[in-house]
Amino acid sequence: MSAPASSLFSPAAKAMAEKLGLKMGRANLDEFAATLLELAKANRNIVAVTSDSRGSGKLGPFGEALPGQLIEIGIAEQNLVGITAGLAAAGKKAFGVSPACFLTARSLEQIKNDVCYSDVPAVLVGISAGVSYGALGSTHHSLHDLAALRAIHNISIIVPADNFEARGAVRAAAQSEQPVFIRLGKAAMYGLHKPETKFDPGKAITLRDGRDVAFLSTGETVVHCLLAAAKLAEQGLQCRVLSLHTVKPLDTESVLRAGRECRAIVTVEEHSVHGGLGEGCAAALMQAGVSVPFRIVGIPDEDTVTGAQADIFRHYGISMEGLSHLAGSLLCVA
Amino acid sequence: MTDRELELKSIQLRRSLLRHIYHAGAGHTGGSLSCVDILNVLYNRILRVSPETFGDPHRDRYIQSKGHSVEALYAVLADRGFFPEAELETLCRYQSPFVGHPTRKVPGIEMNTGALGHGLSISVGLALAGKLDATPYRVFTLLGDGELAEGSNWEAAMAAAHYNLDHLTAIVDHNTLQITGRTRDVCSNEPLDEKFLAFGWAVRSVNGHHFAELTKVLSQPAETGKPTCVIANTVKGRGVSFMEDVVKWHHGVPSDADFERAMKELAAAENRLREVAA
Ligand SMILES: [Mg+2]
């Protein structure tokens, strides 16, 4: 008998999601691939560049439908980024698609020089980011990418929390005249947004309002913050949840407002606690003179625990239970 | 432009780049002198690009992968009218666009280069875009021989052959030296021709200071369906006797006496050339 697959959501978290009316969608990666195919059918100037990664990038259907718009480079990520930059410099709307762990480490110099400093409108799509690859181990995790790219001038960093944000990110990137990095996970995601919500790069989306604790989060950890806030509401605490899908440029205004209006802040990200969203928020708050009880939740600076993405999340407290407990204890000391 | 006129222009370009390096107190002298004849031929005989047509999507593209030899490129672009030569007096100065490696802030420069091993991949991307759009421009890139130790070059070489990019030409400035010494002693990459052949390229070797040879080999792709590699055999420091094939001139900057002596040599070379012509 095979071991039961770990779930990102405990039975209690699933029940809470149901209570909130959240519907399970598909993986953001699937949403990206479907959106790109749709855009590329209408705009033949769009090309996808892959490093033997069309399968993991869910671009099989894209390659079948638009073989002339998919460029295969083979397992050579530095070359993938250089070629994507060259295509973009020549006027193509080029999307370079490769696992985030390789794309943003092995090819970092190409991202820096060929894309960002040369200022070509290339889009880099880091797939199966964070600890999406779970039990494949640390070679395949990208816990450094936000830190590395935040320190490079002239690239937007977008980390969608659900299918709606993934779609918005791809559409925005297709229109962008500057470099964009989109960071995607591969687990199926709950839909978090109301139909009337707008996706604007650089503008945080408020998923829930409140003035007790503010959860500032990005990507696939946002849903856990939303569930934690709902659980805290049962204890009489009104918590704010922001999806900071654009990590750079950061929506400083929303971060500062949360710092001024709420009793405590918890930042949550699927990234090292060093150099990511949390430190970005901390810097914004400190430099504006906003002092508030503050915790960064992410992957600590240690040999990452082994296991599936769900195991890793649970281990580090990225869950409804872990986050609601942390927020509650933060208010006790506040 | 005749070969003789090109030869005279190369002397003038050598003076220009040496003067700017001397005034700036910084620059890559040896490599600039080894590649300046190649750039002279490219910009005055081969590339369909000018200050007026630089925004044209159909223009030919030149990517200088060995970005450190930018002083040669600056001298050639100024000569072709992309910007006034006087602007080069700001080379390496506070707030000048003329830094020690190519950037797009300088008119005529396509991409920021200088971290080695990047130019060939970028060129493959440019060439692929031209192929996808059936736009018949050519793409040229200049690689250093020492630079070929960067593995990314060989990733790009594979892709260029895989996609049959015969409108792509990579020129290797084969001066056999790099900052530490002889490339064959640092980490040998010979035989270069056989390596590119094995990667599926058409390979031609020429004297990289011979205008007719360079013109012939750069005028058209060597073989249909294959990218062309031109191994240009050059002399680092070429044109100034005491700089030729001497490793310290990789980024050596001329002293007052060196500069005076170099200028005298170049003036004498020009006089000889004019006498022969007369
Ligand atoms: Mg050399």
# chains A, B, ... in the order shown; residues from 1 in each chain; ligands from 1

call {"tool": "closest_atom_pairs", "arguments": {"of": "chain B", "to": "ligand 1", "cutoff": "6 Å", "atoms": "only C-alpha atoms and all ligand atoms", "output": "Markdown table"}}
result
| residue | atom | partner | partner_atom_place_in_ligand_line | distance |
| --- | --- | --- | --- | --- |
| B:Gly144 | CA | ligand 1 | 1 (Mg) | 5.1 |
| B:Asp145 | CA | ligand 1 | 1 (Mg) | 4.7 |
| B:Gly146 | CA | ligand 1 | 1 (Mg) | 4.9 |
| B:His174 | CA | ligand 1 | 1 (Mg) | 5.9 |
| B:Asn175 | CA | ligand 1 | 1 (Mg) | 4.8 |
| B:Thr176 | CA | ligand 1 | 1 (Mg) | 5.1 |
| B:Leu177 | CA | ligand 1 | 1 (Mg) | 4.3 |
| B:Gln178 | CA | ligand 1 | 1 (Mg) | 4.5 |

call {"tool": "write_last_selection", "arguments": {"atoms": "N, CA, C and O atoms", "output": "compact mmCIF listing (two decimals), in the first residue's frame"}}
result
# COMPACT_ATOMS: atom_id res chain seq x y z
N GLY B 144 36.29 36.59 -27.87
CA GLY B 144 37.71 36.48 -27.57
C GLY B 144 38.11 35.02 -27.54
O GLY B 144 37.27 34.15 -27.27
N ASP B 145 39.37 34.73 -27.82
CA ASP B 145 39.76 33.32 -27.74
C ASP B 145 39.81 32.83 -26.29
O ASP B 145 39.37 31.73 -25.98
N GLY B 146 40.27 33.69 -25.38
CA GLY B 146 40.22 33.33 -23.97
C GLY B 146 38.79 33.14 -23.49
O GLY B 146 38.49 32.27 -22.67
N HIS B 174 41.46 35.75 -32.53
CA HIS B 174 42.38 34.71 -32.08
C HIS B 174 43.77 35.29 -31.91
O HIS B 174 44.68 35.08 -32.72
N ASN B 175 43.94 36.04 -30.82
CA ASN B 175 45.25 36.67 -30.58
C ASN B 175 46.12 35.82 -29.65
O ASN B 175 47.23 36.22 -29.32
N THR B 176 45.62 34.69 -29.22
CA THR B 176 46.32 33.64 -28.45
C THR B 176 46.77 34.09 -27.05
O THR B 176 47.47 33.36 -26.36
N LEU B 177 46.33 35.30 -26.65
CA LEU B 177 46.68 35.77 -25.30
C LEU B 177 45.43 36.08 -24.51
O LEU B 177 44.40 36.43 -25.09
N GLN B 178 45.52 35.96 -23.22
CA GLN B 178 44.49 36.48 -22.32
C GLN B 178 45.21 37.07 -21.11
O GLN B 178 46.44 37.08 -21.07

call {"tool": "closest_atom_pairs", "arguments": {"of": "chain A", "to": "chain B", "cutoff": "12 Å", "atoms": "only C-alpha atoms", "output": "Markdown table"}}
result
| residue | atom | partner | partner_atom | distance |
| --- | --- | --- | --- | --- |
| A:Arg44 | CA | B:Asp133 | CA | 10.0 |
| A:Asn45 | CA | B:Asp133 | CA | 8.8 |
| A:Ile46 | CA | B:Ala129 | CA | 10.8 |
| A:Val47 | CA | B:Ala129 | CA | 9.6 |
| A:Val49 | CA | B:Gly125 | CA | 10.1 |
| A:Ser51 | CA | B:Ala159 | CA | 11.2 |
| A:Pro67 | CA | B:Leu132 | CA | 11.4 |
| A:Gly68 | CA | B:Leu132 | CA | 7.6 |
| A:Gln69 | CA | B:Leu132 | CA | 8.4 |
| A:Leu70 | CA | B:Leu132 | CA | 10.6 |
| A:Ile71 | CA | B:Leu128 | CA | 9.0 |
| A:Glu72 | CA | B:Ala159 | CA | 8.9 |
| A:Ile73 | CA | B:Ala159 | CA | 6.5 |
| A:Gly74 | CA | B:Ala159 | CA | 8.3 |
| A:Ile75 | CA | B:Glu155 | CA | 8.9 |
| A:Ala76 | CA | B:Glu155 | CA | 6.3 |
| A:Glu77 | CA | B:Glu155 | CA | 9.0 |
| A:Gln78 | CA | B:Ser152 | CA | 6.3 |
| A:Asn79 | CA | B:Ser121 | CA | 5.4 |
| A:Leu80 | CA | B:Ser121 | CA | 7.9 |
| A:Val81 | CA | B:Ser121 | CA | 8.1 |
| A:Gly82 | CA | B:Ile122 | CA | 4.8 |
| A:Ile83 | CA | B:Gly125 | CA | 3.9 |
| A:Thr84 | CA | B:Gly125 | CA | 6.1 |
| A:Ala85 | CA | B:Ile122 | CA | 6.2 |
| A:Gly86 | CA | B:Gly125 | CA | 4.0 |
| A:Leu87 | CA | B:Gly125 | CA | 4.5 |
| A:Ala88 | CA | B:Gly125 | CA | 8.0 |
| A:Ala89 | CA | B:Leu126 | CA | 7.0 |
| A:Ala90 | CA | B:Leu126 | CA | 5.6 |
| A:Gly91 | CA | B:Ala129 | CA | 7.8 |
| A:Lys92 | CA | B:Ala129 | CA | 6.7 |
| A:Lys93 | CA | B:Ala129 | CA | 10.1 |
| A:Ala94 | CA | B:Ala129 | CA | 9.8 |
| A:Gly96 | CA | B:Gly125 | CA | 11.5 |
| A:Arg106 | CA | B:Ser152 | CA | 10.6 |
| A:Ser107 | CA | B:Ser152 | CA | 9.8 |
| A:Leu108 | CA | B:His118 | CA | 11.8 |
| A:Glu109 | CA | B:Ala115 | CA | 8.0 |
| A:Gln110 | CA | B:His118 | CA | 7.0 |
| A:Ile111 | CA | B:His118 | CA | 10.6 |
| A:Lys112 | CA | B:Asn112 | CA | 10.0 |
| A:Asn113 | CA | B:Asn112 | CA | 6.4 |
| A:Asp114 | CA | B:Asn112 | CA | 6.6 |
| A:Val115 | CA | B:Asn112 | CA | 9.1 |
| A:Cys116 | CA | B:Asn112 | CA | 9.5 |
| A:Tyr117 | CA | B:Asn112 | CA | 6.7 |
| A:Ser118 | CA | B:Asn112 | CA | 5.1 |
| A:Asp119 | CA | B:Met111 | CA | 8.6 |
| A:Val120 | CA | B:Met111 | CA | 8.9 |
| A:Ala122 | CA | B:Gly125 | CA | 11.6 |

call {"tool": "atom_distance", "arguments": {"atom1": "atom CA of B:Val247", "atom2": "atom CA of B:Thr29"}}
result
10.5 Å

call {"tool": "select_by_dssp", "arguments": {"residues": "stretch 53-85 of chain B", "states": "strand (DSSP E or B)", "output": "mmCIF file with N, CA and C atoms, in the first residue's frame"}}
result
data_model
loop_
_atom_site.group_PDB
_atom_site.id
_atom_site.type_symbol
_atom_site.label_atom_id
_atom_site.label_comp_id
_atom_site.auth_asym_id
_atom_site.auth_seq_id
_atom_site.Cartn_x
_atom_site.Cartn_y
_atom_site.Cartn_z
ATOM 1 N N ARG B 61 22.941 43.136 -37.280
ATOM 2 C CA ARG B 61 23.261 43.307 -35.859
ATOM 3 C C ARG B 61 24.713 42.930 -35.606
ATOM 4 N N TYR B 62 25.365 43.717 -34.742
ATOM 5 C CA TYR B 62 26.709 43.373 -34.272
ATOM 6 C C TYR B 62 26.708 43.365 -32.745
ATOM 7 N N ILE B 63 27.145 42.257 -32.179
ATOM 8 C CA ILE B 63 27.226 42.108 -30.722
ATOM 9 C C ILE B 63 28.684 41.848 -30.356
ATOM 10 N N GLN B 64 29.239 42.725 -29.552
ATOM 11 C CA GLN B 64 30.639 42.534 -29.169
ATOM 12 C C GLN B 64 30.705 41.749 -27.863
#

call {"tool": "select_by_dssp", "arguments": {"residues": "stretch 58-251 of chain B", "states": "helix (DSSP H, G or I)", "output": "PyMOL selection string"}}
result
chain B and resi 67-79+85-90+119-132+146-149+152-162+183-187+192-198+211-219+241-243+247-250

call {"tool": "atom_distance", "arguments": {"atom1": "atom CA of B:Ser255", "atom2": "atom CA of B:Glu71"}}
result
17.4 Å

call {"tool": "closest_residue", "arguments": {"among": "A:Ala129, A:Leu29, A:Ala284, A:Ala105", "to": "A:Phe164", "atoms": "only C-alpha atoms"}}
result
A:Leu29

call {"tool": "closest_residue", "arguments": {"among": "B:Glu194, B:Ile21, B:Asp37, B:Leu73", "to": "B:Trp249", "atoms": "only C-alpha atoms"}}
result
B:Ile21
